[in-house]
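Undergrad: Just so it is clear, I am handing over start_15.cif, which has mmCIF, C-alpha atoms.
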data_query
loop_
_atom_site.label_atom_id
_atom_site.label_comp_id
_atom_site.auth_asym_id
_atom_site.auth_seq_id
_atom_site.Cartn_x
_atom_site.Cartn_y
_atom_site.Cartn_z
CA MET A 43 -34.76 12.25 -22.22
CA SER A 44 -32.44 9.28 -21.69
CA LEU A 45 -29.54 9.87 -19.33
CA THR A 46 -26.08 9.70 -20.86
CA PHE A 47 -23.25 7.79 -19.19
CA HIS A 48 -19.55 7.97 -20.01
CA TRP A 49 -16.75 5.87 -18.57
CA PHE A 50 -13.03 6.65 -18.10
CA LEU A 51 -9.83 5.40 -19.72
CA PRO A 52 -7.09 5.28 -17.04
CA THR A 53 -4.16 6.44 -19.17
CA ASN A 54 -2.22 6.94 -15.92
CA GLY A 55 -2.44 3.22 -15.11
CA ASP A 56 -5.01 1.13 -13.29
CA SER A 57 -5.14 -0.98 -10.15
CA ARG A 58 -7.30 -2.65 -7.53
CA HIS A 59 -6.23 0.31 -5.42
CA VAL A 60 -6.80 4.02 -6.09
CA VAL A 61 -4.27 5.42 -8.54
CA GLY A 62 -3.45 8.91 -7.29
CA GLY A 63 -2.07 11.85 -9.19
CA GLY A 64 -3.33 14.80 -11.20
CA HIS A 65 -3.33 18.55 -10.66
CA GLY A 66 0.42 18.75 -10.52
CA THR A 67 0.94 15.57 -8.49
CA PRO A 68 2.44 12.43 -10.06
CA ALA A 69 0.62 9.13 -10.45
CA THR A 70 1.15 6.87 -7.46
CA ALA A 71 3.01 3.57 -7.65
CA SER A 72 -0.28 1.64 -7.92
CA GLY A 73 -0.56 2.99 -11.45
CA ARG A 74 2.06 0.43 -12.45
CA ASP A 75 -0.17 -2.49 -11.41
CA ARG A 76 -1.92 -2.40 -14.78
CA PRO A 77 0.07 -0.25 -17.21
CA PRO A 78 -2.04 1.80 -19.64
CA THR A 79 -1.26 -0.26 -22.72
CA VAL A 80 -3.42 0.00 -25.81
CA ALA A 81 -4.43 -3.63 -25.26
CA TYR A 82 -5.69 -3.03 -21.72
CA LEU A 83 -7.36 0.30 -22.51
CA SER A 84 -9.06 -1.37 -25.47
CA GLN A 85 -10.49 -4.01 -23.13
CA ILE A 86 -12.07 -1.24 -21.09
CA ALA A 87 -13.33 0.55 -24.20
CA ARG A 88 -14.98 -2.56 -25.60
CA ALA A 89 -16.59 -3.36 -22.27
CA ALA A 90 -17.88 0.20 -21.94
CA GLU A 91 -19.49 0.27 -25.36
CA ASP A 92 -21.08 -3.17 -24.90
CA LEU A 93 -22.55 -2.12 -21.55
CA GLY A 94 -24.03 1.09 -22.96
CA PHE A 95 -21.65 3.90 -22.08
CA VAL A 96 -21.67 6.56 -24.80
CA GLY A 97 -18.09 7.73 -24.42
CA ALA A 98 -14.92 7.51 -22.36
CA LEU A 99 -13.00 10.42 -20.87
CA THR A 100 -9.22 10.49 -21.15
CA PRO A 101 -7.30 12.84 -18.82
CA THR A 102 -4.56 15.30 -19.71
CA GLY A 103 -1.36 16.29 -17.95
CA ALA A 104 2.17 15.20 -17.20
CA TRP A 105 0.90 12.34 -15.01
CA CYS A 106 -0.71 10.33 -17.85
CA GLU A 107 -0.32 9.33 -21.48
CA ASP A 108 -1.24 11.82 -24.20
CA ALA A 109 -4.99 11.73 -24.78
CA TRP A 110 -5.01 12.47 -28.52
CA LEU A 111 -2.55 9.74 -29.44
CA THR A 112 -3.96 7.15 -27.06
CA THR A 113 -7.59 7.55 -28.12
CA ALA A 114 -6.63 7.53 -31.81
CA MET A 115 -5.11 4.08 -31.26
CA VAL A 116 -7.87 2.74 -29.02
CA ALA A 117 -10.51 3.95 -31.48
CA GLN A 118 -9.17 1.37 -33.95
CA GLN A 119 -9.93 -1.38 -31.44
CA SER A 120 -13.54 -0.32 -30.76
CA ASP A 121 -16.57 0.30 -32.93
CA ARG A 122 -19.02 2.80 -31.44
CA LEU A 123 -17.61 4.27 -28.24
CA LYS A 124 -16.90 7.99 -28.39
CA PHE A 125 -13.79 9.52 -26.83
CA LEU A 126 -13.99 12.57 -24.60
CA VAL A 127 -10.47 13.80 -25.22
CA ALA A 128 -9.16 16.22 -22.59
CA PHE A 129 -6.66 18.73 -23.91
CA ARG A 130 -5.21 22.10 -22.99
CA PRO A 131 -5.73 24.83 -25.57
CA GLY A 132 -2.52 26.64 -24.62
CA PHE A 133 -0.40 23.77 -25.94
CA VAL A 134 -1.56 23.72 -29.58
CA SER A 135 -2.59 26.32 -32.12
CA PRO A 136 -6.37 26.72 -32.56
CA THR A 137 -6.22 26.13 -36.31
CA LEU A 138 -4.24 22.93 -35.85
CA ALA A 139 -6.60 21.76 -33.08
CA ALA A 140 -9.62 22.38 -35.32
CA GLN A 141 -7.90 20.41 -38.09
CA MET A 142 -6.98 17.56 -35.72
CA ALA A 143 -10.59 17.33 -34.53
CA SER A 144 -11.84 17.27 -38.11
CA THR A 145 -9.43 14.48 -39.00
CA PHE A 146 -10.36 12.50 -35.89
CA GLN A 147 -14.04 12.72 -36.81
CA ARG A 148 -13.50 11.42 -40.33
CA GLN A 149 -11.13 8.63 -39.36
CA SER A 150 -13.19 7.45 -36.36
CA GLY A 151 -16.66 7.78 -37.82
CA GLY A 152 -17.60 10.83 -35.77
CA ARG A 153 -16.55 9.55 -32.35
CA LEU A 154 -14.75 12.60 -30.92
CA LEU A 155 -15.92 14.72 -27.99
CA LEU A 156 -13.66 17.46 -26.62
CA ASN A 157 -13.02 18.26 -22.96
CA VAL A 158 -11.32 21.66 -22.92
CA VAL A 159 -9.06 21.96 -19.86
CA THR A 160 -7.61 25.42 -19.32
CA GLY A 161 -5.11 24.22 -16.70
CA GLY A 162 -5.22 25.21 -13.04
CA GLU A 163 -1.60 24.69 -12.06
CA SER A 164 0.88 27.35 -13.19
CA HIS A 165 3.95 25.29 -12.30
CA GLU A 166 2.77 22.44 -14.53
CA GLN A 167 1.84 24.85 -17.33
CA ARG A 168 5.33 26.39 -17.21
CA ALA A 169 6.87 22.96 -17.72
CA TYR A 170 5.11 22.97 -21.10
CA GLY A 171 6.27 26.49 -21.92
CA ASP A 172 3.09 28.31 -20.89
CA PHE A 173 3.78 31.28 -18.61
CA LEU A 174 0.37 32.98 -18.51
CA ASP A 175 -1.37 33.35 -15.18
CA LYS A 176 -4.67 31.58 -14.51
CA ASP A 177 -7.08 34.34 -15.56
CA ASP A 178 -5.12 35.00 -18.74
CA ARG A 179 -5.21 31.28 -19.52
CA TYR A 180 -9.00 31.42 -19.40
CA ARG A 181 -9.05 34.51 -21.61
CA ARG A 182 -6.86 32.68 -24.09
CA THR A 183 -9.21 29.69 -23.94
CA GLY A 184 -12.08 31.97 -24.90
CA GLU A 185 -10.16 33.25 -27.92
CA PHE A 186 -9.15 29.70 -28.80
CA LEU A 187 -12.74 28.46 -28.81
CA GLN A 188 -13.90 31.50 -30.76
CA ILE A 189 -11.43 30.64 -33.50
CA VAL A 190 -12.11 26.89 -33.47
CA ARG A 191 -15.88 27.28 -33.57
CA GLY A 192 -15.60 29.74 -36.44
CA LEU A 193 -13.44 27.31 -38.39
CA TRP A 194 -15.85 24.44 -37.76
CA GLU A 195 -18.63 26.62 -39.17
CA GLY A 196 -16.67 26.94 -42.42
CA LYS A 197 -15.70 30.56 -41.86
CA THR A 198 -12.45 32.23 -42.78
CA VAL A 199 -11.21 33.51 -39.44
CA ASP A 200 -9.11 36.59 -38.74
CA LEU A 201 -8.55 37.35 -35.08
CA HIS A 202 -6.06 39.66 -33.44
CA GLY A 203 -6.77 38.85 -29.83
CA GLU A 204 -5.04 39.59 -26.56
CA HIS A 205 -3.32 36.19 -26.61
CA LEU A 206 -3.98 34.57 -30.00
CA ARG A 207 -3.64 35.83 -33.53
CA VAL A 208 -4.63 34.11 -36.76
CA GLU A 209 -5.01 35.45 -40.27
CA ASP A 210 -6.95 33.92 -43.17
CA ALA A 211 -7.48 30.72 -41.21
CA ARG A 212 -9.76 28.19 -42.87
CA LEU A 213 -10.32 24.43 -42.87
CA ALA A 214 -10.20 22.54 -46.15
CA ARG A 215 -12.54 19.88 -44.72
CA LEU A 216 -15.07 20.44 -41.97
CA PRO A 217 -15.77 17.95 -39.16
CA ASP A 218 -18.98 15.99 -39.49
CA PRO A 219 -20.45 16.05 -36.94
CA VAL A 220 -18.94 19.03 -35.19
CA PRO A 221 -17.46 17.73 -31.89
CA GLU A 222 -19.35 18.69 -28.76
CA VAL A 223 -17.34 20.82 -26.34
CA TYR A 224 -17.28 19.90 -22.64
CA PHE A 225 -15.93 22.47 -20.22
CA GLY A 226 -15.58 22.87 -16.46
CA GLY A 227 -14.38 25.50 -14.03
CA SER A 228 -15.54 27.13 -10.83
CA SER A 229 -13.96 30.58 -11.06
CA PRO A 230 -15.94 33.60 -12.34
CA ILE A 231 -13.98 33.82 -15.58
CA ALA A 232 -14.40 30.08 -16.18
CA GLY A 233 -18.15 30.56 -16.00
CA GLN A 234 -18.01 33.30 -18.61
CA VAL A 235 -16.07 31.12 -21.04
CA ALA A 236 -18.39 28.16 -20.48
CA ALA A 237 -21.49 30.29 -21.06
CA LYS A 238 -20.18 31.51 -24.43
CA TYR A 239 -18.62 28.40 -25.90
CA ALA A 240 -19.42 25.12 -24.11
CA ASP A 241 -22.08 22.61 -25.12
CA THR A 242 -21.92 20.73 -21.80
CA TYR A 243 -20.74 22.19 -18.50
CA LEU A 244 -19.04 19.63 -16.26
CA THR A 245 -18.78 19.81 -12.50
CA TRP A 246 -16.96 17.53 -10.12
CA GLY A 247 -19.07 15.49 -7.71
CA GLU A 248 -19.97 17.99 -5.03
CA PRO A 249 -23.03 17.50 -2.79
CA PRO A 250 -26.34 18.21 -4.55
CA ALA A 251 -26.91 21.61 -2.93
CA GLN A 252 -23.57 22.88 -4.22
CA VAL A 253 -24.17 21.37 -7.65
CA ALA A 254 -27.56 23.12 -7.79
CA GLU A 255 -25.86 26.46 -7.11
CA LYS A 256 -23.37 25.86 -9.93
CA ILE A 257 -26.08 24.93 -12.39
CA ALA A 258 -28.09 28.05 -11.56
CA TRP A 259 -24.96 30.18 -11.95
CA ILE A 260 -24.03 28.79 -15.36
CA ARG A 261 -27.63 28.82 -16.60
CA GLY A 262 -27.86 32.49 -15.75
CA LEU A 263 -24.62 33.34 -17.56
CA ALA A 264 -25.63 31.27 -20.60
CA ALA A 265 -29.03 32.99 -20.75
CA GLN A 266 -27.25 36.34 -20.98
CA GLU A 267 -25.49 34.97 -24.07
CA GLY A 268 -28.75 33.67 -25.51
CA ARG A 269 -27.61 30.07 -25.07
CA THR A 270 -28.65 26.91 -23.21
CA LEU A 271 -26.20 24.25 -22.03
CA ARG A 272 -26.37 20.63 -20.94
CA PHE A 273 -24.89 19.72 -17.57
CA GLY A 274 -22.74 16.78 -16.56
CA ILE A 275 -21.02 15.54 -13.43
CA ARG A 276 -17.73 13.69 -12.92
CA LEU A 277 -17.80 10.98 -10.24
CA HIS A 278 -16.23 7.70 -9.23
CA VAL A 279 -18.57 4.85 -8.36
CA ILE A 280 -18.55 1.80 -6.08
CA THR A 281 -21.82 -0.08 -6.56
CA ARG A 282 -22.59 -3.56 -5.29
CA ASP A 283 -25.51 -5.90 -4.68
CA THR A 284 -25.77 -4.62 -1.09
CA ALA A 285 -24.74 -1.43 0.68
CA GLU A 286 -22.58 -3.45 3.07
CA GLN A 287 -20.56 -4.87 0.19
CA ALA A 288 -20.09 -1.43 -1.36
CA TRP A 289 -18.90 0.20 1.86
CA ALA A 290 -16.61 -2.73 2.56
CA GLU A 291 -14.94 -2.05 -0.77
CA ALA A 292 -14.66 1.69 -0.02
CA ASN A 293 -13.05 0.87 3.33
CA ARG A 294 -10.67 -1.57 1.64
CA LEU A 295 -9.52 1.22 -0.66
CA LEU A 296 -9.18 3.60 2.28
CA ASP A 297 -7.10 1.08 4.22
CA GLY A 298 -4.69 0.98 1.28
CA PHE A 299 -3.86 4.69 1.53
CA ASP A 300 -0.35 5.13 2.88
CA PRO A 301 -0.40 8.04 5.39
CA GLU A 302 2.76 9.56 3.95
CA THR A 303 1.28 9.46 0.44
CA VAL A 304 -1.86 11.18 1.70
CA ARG A 305 0.22 13.91 3.37
CA SER A 306 2.34 14.42 0.26
CA VAL A 307 -0.60 14.55 -2.14
CA GLN A 308 -2.58 16.89 0.10
CA ALA A 309 0.39 19.24 0.45
CA GLY A 310 0.70 19.39 -3.33
CA LEU A 311 -3.01 19.91 -3.91
CA ALA A 312 -3.18 22.62 -1.25
CA ARG A 313 -1.00 24.75 -3.55
CA SER A 314 -3.44 24.36 -6.44
CA GLU A 315 -4.72 27.52 -8.09
CA SER A 316 -7.85 25.68 -9.23
CA GLU A 317 -10.96 26.84 -7.40
CA GLY A 318 -12.61 23.52 -8.23
CA GLN A 319 -9.72 21.64 -6.64
CA GLN A 320 -9.95 23.74 -3.50
CA ARG A 321 -13.67 22.92 -3.32
CA MET A 322 -12.78 19.23 -3.56
CA LEU A 323 -10.25 19.55 -0.73
CA ALA A 324 -12.79 21.29 1.49
CA LEU A 325 -15.07 18.26 1.28
CA HIS A 326 -12.69 16.11 3.33
CA GLY A 327 -11.00 18.83 5.36
CA GLY A 328 -7.64 18.61 3.57
CA GLY A 329 -6.86 15.00 4.42
CA SER A 330 -9.10 13.89 7.27
CA ARG A 331 -10.28 10.27 7.21
CA ASP A 332 -13.29 11.12 9.38
CA GLY A 333 -16.71 12.10 8.08
CA LEU A 334 -15.97 11.12 4.48
CA GLU A 335 -19.62 10.40 3.66
CA ILE A 336 -20.49 14.04 2.95
CA HIS A 337 -24.01 13.31 1.63
CA PRO A 338 -25.90 10.01 1.59
CA ASN A 339 -23.85 7.63 -0.59
CA LEU A 340 -21.39 10.40 -1.58
CA TRP A 341 -17.89 9.53 -0.35
CA ALA A 342 -14.94 11.96 -0.45
CA GLY A 343 -12.26 9.33 0.19
CA ILE A 344 -10.86 9.23 -3.34
CA GLY A 345 -9.75 12.85 -2.99
CA LEU A 346 -7.29 11.94 -0.24
CA VAL A 347 -4.81 10.66 -2.82
CA ARG A 348 -6.13 11.89 -6.17
CA GLY A 349 -6.35 15.37 -7.66
CA GLY A 350 -9.38 16.44 -9.65
CA ALA A 351 -12.51 14.33 -9.22
CA GLY A 352 -12.34 13.14 -5.62
CA THR A 353 -15.78 11.80 -4.74
CA ALA A 354 -17.56 8.51 -5.36
CA LEU A 355 -21.10 7.25 -5.28
CA VAL A 356 -21.02 4.31 -2.85
CA GLY A 357 -23.91 2.00 -2.11
CA SER A 358 -26.21 -0.72 -3.33
CA HIS A 359 -27.34 -0.55 -6.94
CA ASP A 360 -30.71 0.81 -5.81
CA GLU A 361 -29.07 3.50 -3.66
CA VAL A 362 -26.80 4.59 -6.50
CA VAL A 363 -29.85 4.83 -8.76
CA GLU A 364 -31.49 7.14 -6.22
CA ARG A 365 -28.45 9.41 -6.08
CA ILE A 366 -28.32 9.58 -9.88
CA LYS A 367 -31.99 10.54 -9.90
CA GLU A 368 -31.29 13.20 -7.27
CA TYR A 369 -28.61 14.82 -9.43
CA HIS A 370 -30.77 14.44 -12.53
CA ALA A 371 -33.59 16.33 -10.82
CA LEU A 372 -31.18 19.28 -10.47
CA GLY A 373 -30.48 19.30 -14.22
CA ILE A 374 -27.63 16.81 -14.63
CA ASP A 375 -28.11 14.76 -17.81
CA GLU A 376 -24.61 13.33 -18.31
CA PHE A 377 -22.54 11.29 -15.88
CA VAL A 378 -18.80 10.74 -16.41
CA LEU A 379 -17.90 7.83 -14.15
CA SER A 380 -14.92 5.71 -13.17
CA GLY A 381 -13.89 3.11 -10.60
CA TYR A 382 -10.93 0.98 -9.53
CA PRO A 383 -10.17 -1.17 -11.36
CA HIS A 384 -11.90 0.31 -14.38
CA LEU A 385 -12.59 -2.91 -16.23
CA GLU A 386 -14.36 -4.64 -13.35
CA GLU A 387 -16.17 -1.55 -12.07
CA ALA A 388 -17.61 -0.89 -15.55
CA TYR A 389 -19.37 -4.24 -15.28
CA TRP A 390 -20.59 -3.64 -11.72
CA PHE A 391 -22.25 -0.40 -12.84
CA GLY A 392 -23.34 -1.60 -16.27
CA GLU A 393 -24.92 -4.81 -14.97
CA GLY A 394 -26.22 -3.45 -11.66
CA VAL A 395 -27.32 0.15 -12.17
CA LEU A 396 -28.11 0.64 -15.86
CA PRO A 397 -30.82 -2.08 -15.97
CA ARG A 398 -32.58 -0.42 -13.03
CA LEU A 399 -32.50 2.97 -14.75
CA ALA A 400 -33.81 1.36 -17.94
CA ALA A 401 -36.68 -0.24 -16.02
CA GLN A 402 -37.66 3.24 -14.78
CA GLY A 403 -37.52 4.74 -18.28
CA LEU A 404 -34.50 6.91 -17.48
CA TRP A 405 -31.97 5.18 -19.71
CA GLN A 406 -31.82 3.16 -22.88
CA HIS A 407 -28.89 1.49 -24.58
CA PRO A 408 -27.44 4.17 -26.91
CA PHE A 409 -26.48 1.76 -29.68
CA GLY A 410 -29.89 0.14 -30.01
CA SER A 411 -28.62 -3.36 -29.27
CA PRO A 412 -28.32 -3.75 -25.51
CA THR A 413 -26.28 -6.55 -24.03
CA ALA A 414 -27.97 -9.26 -22.04
CA ALA A 415 -26.91 -7.41 -18.90
CA SER A 416 -28.68 -4.20 -19.80
CA ALA A 417 -31.76 -6.02 -21.06
CA GLN A 418 -32.31 -8.18 -18.02
CA VAL A 419 -34.90 -7.51 -15.34
CA PRO A 420 -33.18 -5.88 -12.33
CA PHE A 421 -32.54 -8.26 -9.48
CA ALA A 422 -33.19 -7.52 -5.85
CA SER A 423 -30.40 -6.23 -3.63
#
Kindly present the structure from the file in structure tokens form.
TA:
Amino acid sequence: MSLTFHWFLPTNGDSRHVVGGGHGTPATASGRDRPPTVAYLSQIARAAEDLGFVGALTPTGAWCEDAWLTTAMVAQQSDRLKFLVAFRPGFVSPTLAAQMASTFQRQSGGRLLLNVVTGGESHEQRAYGDFLDKDDRYRRTGEFLQIVRGLWEGKTVDLHGEHLRVEDARLARLPDPVPEVYFGGSSPIAGQVAAKYADTYLTWGEPPAQVAEKIAWIRGLAAQEGRTLRFGIRLHVITRDTAEQAWAEANRLLDGFDPETVRSVQAGLARSESEGQQRMLALHGGGSRDGLEIHPNLWAGIGLVRGGAGTALVGSHDEVVERIKEYHALGIDEFVLSGYPHLEEAYWFGEGVLPRLAAQGLWQHPFGSPTAASAQVPFAS
């Protein structure tokens, strides 16, 4: 089976430095270096689809532009790239969300994927009018997905749940194809929701041993529901012709971290209710700049200033290929990647790593017409 790669649309701004923010913390000033205009995001989208990325993730939260509106506009400037739209089910009715997804599929030619984000920060949720605690938010997400999936199947849905209630809900037009649902979460209740309703379970870039434990956990829960899931991982990437060049770039980014910004971001993230975020913080000891290579070619430096995904694959193209193969051997089939700046890093990965994976029979261009970069014979590092 060919591996699937997705890229990232930086709707919080882009830069040659790391743009911090997320999980209740605001985007850092570097996000203003390249504002997230439709024109710039469209450049990234077109590059990603030419290089062979299947889709592009857009984040959700107060720190970035709205994912639904942004991707609807960028979709008009691209042809084949899918959009992994992150959204929070507590902010929109399930019937309306099902209808929005159906409309997006028709108007984009079936290019919508959905990343369901329950929301791990109560203070940010309250700013949007959502006052449920974390566990109740996950229970509501389960009810939400139960309704949405029923509607997508053409059913008339009546549900009087603990948090959501709909009567005689039905879609006039069904989505074709039905959007795939991506879902992540490290808490016990998150695992239960994923096992029942997700198509692909996403984990942040933890070391392989921890990822293996997560996969085994979710597989077991899904088996109890009579289901099987795909697995994906969210990582940043710094790949270069040589390892020395890649680590020089990682160190350049690290040197650009203002100590006060690191302290402020870490203090904010330490208050996070997200179990996944706490696992990310543990990888670098809550702000330490020492020992950031936590597994060969896995660097935790991004997490010093950014919430959410905080690790990067760093190394030569051949080394990055080996790490991808290591995660794939555990059961990871989809990789959601990003890098600063996102336009240039898409080319570093697409021209350096993808051809090597193709040569080993692990990847093929998803659109059947690879660019010269993805068709060329890999060069030596």
Undergrad: Using the chain letters and numbers from this file, what does the PyMOL selection byres ((chain A and resi 349) around 6) select? Give the answer as number ranges by chain.
TA: A: 63-65, 348, 350
Undergrad: Using only C-alpha atoms, give me every residue within 9 Å of (-14.8, -4.6, -19.2) in file coordinates, as a count of residues only.
TA: 14
Undergrad: Counting all atoms listed in the file, figure out which residue out of A:Gly403, A:Gly394, A:Gly62, A:Pro52 gets nearest to Val347 in chain A.
TA: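 The answer is A:Gly62, which sits nearest to Val347 in chain A.
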Undergrad: Could you check how far CA of Thr112 in chain A sits from CA of Asp375 in chain A, in Å to one decimal?
TA: 27.0 Å
Undergrad: Within 9 Å of (-20.2, 29.6, -24.0), all atoms listed in the file: residues as a PyMOL selection string?
TA: chain A and resi 184+187+233-241+263-264+267+269-271
Undergrad: Output the selection as a JSON list (two decimals), keeping the file's coordinate frame - C-alpha atoms for each residue.
TA:
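Done, and the output landed in out-v4.json:
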[["chain", "number", "residue", "atom", "x", "y", "z"],
["A", 184, "GLY", "CA", -12.08, 31.97, -24.90],
["A", 187, "LEU", "CA", -12.74, 28.46, -28.81],
["A", 233, "GLY", "CA", -18.15, 30.56, -16.00],
["A", 234, "GLN", "CA", -18.01, 33.30, -18.61],
["A", 235, "VAL", "CA", -16.07, 31.12, -21.04],
["A", 236, "ALA", "CA", -18.39, 28.16, -20.48],
["A", 237, "ALA", "CA", -21.49, 30.29, -21.06],
["A", 238, "LYS", "CA", -20.18, 31.51, -24.43],
["A", 239, "TYR", "CA", -18.62, 28.40, -25.90],
["A", 240, "ALA", "CA", -19.42, 25.12, -24.11],
["A", 241, "ASP", "CA", -22.08, 22.61, -25.12],
["A", 263, "LEU", "CA", -24.62, 33.34, -17.56],
["A", 264, "ALA", "CA", -25.63, 31.27, -20.60],
["A", 267, "GLU", "CA", -25.49, 34.97, -24.07],
["A", 269, "ARG", "CA", -27.61, 30.07, -25.07],
["A", 270, "THR", "CA", -28.65, 26.91, -23.21],
["A", 271, "LEU", "CA", -26.20, 24.25, -22.03]]
Undergrad: Evaluated on this file, the PyMOL selection byres ((chain A and resi 56) around 12) picks out some residues - which ones are they, written as a count of residues only?
TA: 36
Undergrad: Run the PyMOL selection byres ((chain A and resi 355) around 7) against the file shown and list the residues it catches, as JSON, numbers by chain.
TA: {"A": [278, 279, 280, 339, 340, 341, 354, 356, 357, 362]}
Undergrad: Could the residues in this selection be saved with C-alpha atoms as a short mmCIF file (atom, residue, chain, number, x, y, z; two decimals), in the coordinates of the input?
TA:
data_model
loop_
_atom_site.label_atom_id
_atom_site.label_comp_id
_atom_site.auth_asym_id
_atom_site.auth_seq_id
_atom_site.Cartn_x
_atom_site.Cartn_y
_atom_site.Cartn_z
CA HIS A 278 -16.23 7.70 -9.23
CA VAL A 279 -18.57 4.85 -8.36
CA ILE A 280 -18.55 1.80 -6.08
CA ASN A 339 -23.85 7.63 -0.59
CA LEU A 340 -21.39 10.40 -1.58
CA TRP A 341 -17.89 9.53 -0.35
CA ALA A 354 -17.56 8.51 -5.36
CA VAL A 356 -21.02 4.31 -2.85
CA GLY A 357 -23.91 2.00 -2.11
CA VAL A 362 -26.80 4.59 -6.50
#
Undergrad: What separation in Å, quoted to one decimal, exists between CA of Arg331 in chain A and CA of His359 in chain A?
TA: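 For CA of Arg331 in chain A relative to CA of His359 in chain A, the distance reads 24.7 Å.
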Undergrad: N, CA and C atoms are what I want for range 223-242 of chain A; can you complete it accordingly and write them as a PDB file, in the coordinates of the input?
TA:
ATOM      1  N   VAL A 223     -18.360  20.271 -27.229  1.00  0.00           N
ATOM      2  CA  VAL A 223     -17.340  20.820 -26.340  1.00  0.00           C
ATOM      3  C   VAL A 223     -17.813  20.721 -24.897  1.00  0.00           C
ATOM      4  N   TYR A 224     -17.030  20.025 -24.076  1.00  0.00           N
ATOM      5  CA  TYR A 224     -17.280  19.900 -22.640  1.00  0.00           C
ATOM      6  C   TYR A 224     -16.286  20.816 -21.925  1.00  0.00           C
ATOM      7  N   PHE A 225     -16.765  21.459 -20.869  1.00  0.00           N
ATOM      8  CA  PHE A 225     -15.930  22.470 -20.220  1.00  0.00           C
ATOM      9  C   PHE A 225     -16.320  22.561 -18.754  1.00  0.00           C
ATOM     10  N   GLY A 226     -15.331  22.705 -17.885  1.00  0.00           N
ATOM     11  CA  GLY A 226     -15.580  22.870 -16.460  1.00  0.00           C
ATOM     12  C   GLY A 226     -14.755  24.000 -15.893  1.00  0.00           C
ATOM     13  N   GLY A 227     -15.107  24.428 -14.710  1.00  0.00           N
ATOM     14  CA  GLY A 227     -14.380  25.500 -14.030  1.00  0.00           C
ATOM     15  C   GLY A 227     -15.282  26.189 -13.043  1.00  0.00           C
ATOM     16  N   SER A 228     -14.730  26.549 -11.893  1.00  0.00           N
ATOM     17  CA  SER A 228     -15.540  27.130 -10.830  1.00  0.00           C
ATOM     18  C   SER A 228     -15.267  28.607 -10.587  1.00  0.00           C
ATOM     19  N   SER A 229     -14.279  29.164 -11.253  1.00  0.00           N
ATOM     20  CA  SER A 229     -13.960  30.580 -11.060  1.00  0.00           C
ATOM     21  C   SER A 229     -14.891  31.447 -11.913  1.00  0.00           C
ATOM     22  N   PRO A 230     -15.044  32.728 -11.569  1.00  0.00           N
ATOM     23  CA  PRO A 230     -15.940  33.600 -12.340  1.00  0.00           C
ATOM     24  C   PRO A 230     -15.597  33.644 -13.828  1.00  0.00           C
ATOM     25  N   ILE A 231     -14.331  33.730 -14.167  1.00  0.00           N
ATOM     26  CA  ILE A 231     -13.980  33.820 -15.580  1.00  0.00           C
ATOM     27  C   ILE A 231     -14.220  32.499 -16.295  1.00  0.00           C
ATOM     28  N   ALA A 232     -14.085  31.374 -15.580  1.00  0.00           N
ATOM     29  CA  ALA A 232     -14.400  30.080 -16.180  1.00  0.00           C
ATOM     30  C   ALA A 232     -15.876  30.018 -16.559  1.00  0.00           C
ATOM     31  N   GLY A 233     -16.729  30.538 -15.694  1.00  0.00           N
ATOM     32  CA  GLY A 233     -18.150  30.560 -16.000  1.00  0.00           C
ATOM     33  C   GLY A 233     -18.468  31.358 -17.236  1.00  0.00           C
ATOM     34  N   GLN A 234     -17.782  32.470 -17.423  1.00  0.00           N
ATOM     35  CA  GLN A 234     -18.010  33.300 -18.610  1.00  0.00           C
ATOM     36  C   GLN A 234     -17.643  32.562 -19.886  1.00  0.00           C
ATOM     37  N   VAL A 235     -16.505  31.859 -19.859  1.00  0.00           N
ATOM     38  CA  VAL A 235     -16.070  31.120 -21.040  1.00  0.00           C
ATOM     39  C   VAL A 235     -17.043  29.975 -21.332  1.00  0.00           C
ATOM     40  N   ALA A 236     -17.452  29.262 -20.291  1.00  0.00           N
ATOM     41  CA  ALA A 236     -18.390  28.160 -20.480  1.00  0.00           C
ATOM     42  C   ALA A 236     -19.697  28.661 -21.093  1.00  0.00           C
ATOM     43  N   ALA A 237     -20.208  29.770 -20.583  1.00  0.00           N
ATOM     44  CA  ALA A 237     -21.490  30.290 -21.060  1.00  0.00           C
ATOM     45  C   ALA A 237     -21.446  30.643 -22.545  1.00  0.00           C
ATOM     46  N   LYS A 238     -20.302  31.084 -23.028  1.00  0.00           N
ATOM     47  CA  LYS A 238     -20.180  31.510 -24.430  1.00  0.00           C
ATOM     48  C   LYS A 238     -19.913  30.359 -25.383  1.00  0.00           C
ATOM     49  N   TYR A 239     -19.158  29.343 -24.932  1.00  0.00           N
ATOM     50  CA  TYR A 239     -18.620  28.400 -25.900  1.00  0.00           C
ATOM     51  C   TYR A 239     -18.887  26.919 -25.631  1.00  0.00           C
ATOM     52  N   ALA A 240     -19.264  26.546 -24.421  1.00  0.00           N
ATOM     53  CA  ALA A 240     -19.420  25.120 -24.110  1.00  0.00           C
ATOM     54  C   ALA A 240     -20.775  24.595 -24.582  1.00  0.00           C
ATOM     55  N   ASP A 241     -20.813  23.307 -24.898  1.00  0.00           N
ATOM     56  CA  ASP A 241     -22.080  22.610 -25.120  1.00  0.00           C
ATOM     57  C   ASP A 241     -22.555  21.950 -23.831  1.00  0.00           C
ATOM     58  N   THR A 242     -21.602  21.384 -23.069  1.00  0.00           N
ATOM     59  CA  THR A 242     -21.920  20.730 -21.800  1.00  0.00           C
ATOM     60  C   THR A 242     -20.973  21.260 -20.729  1.00  0.00           C
TER      61      THR A 242
END
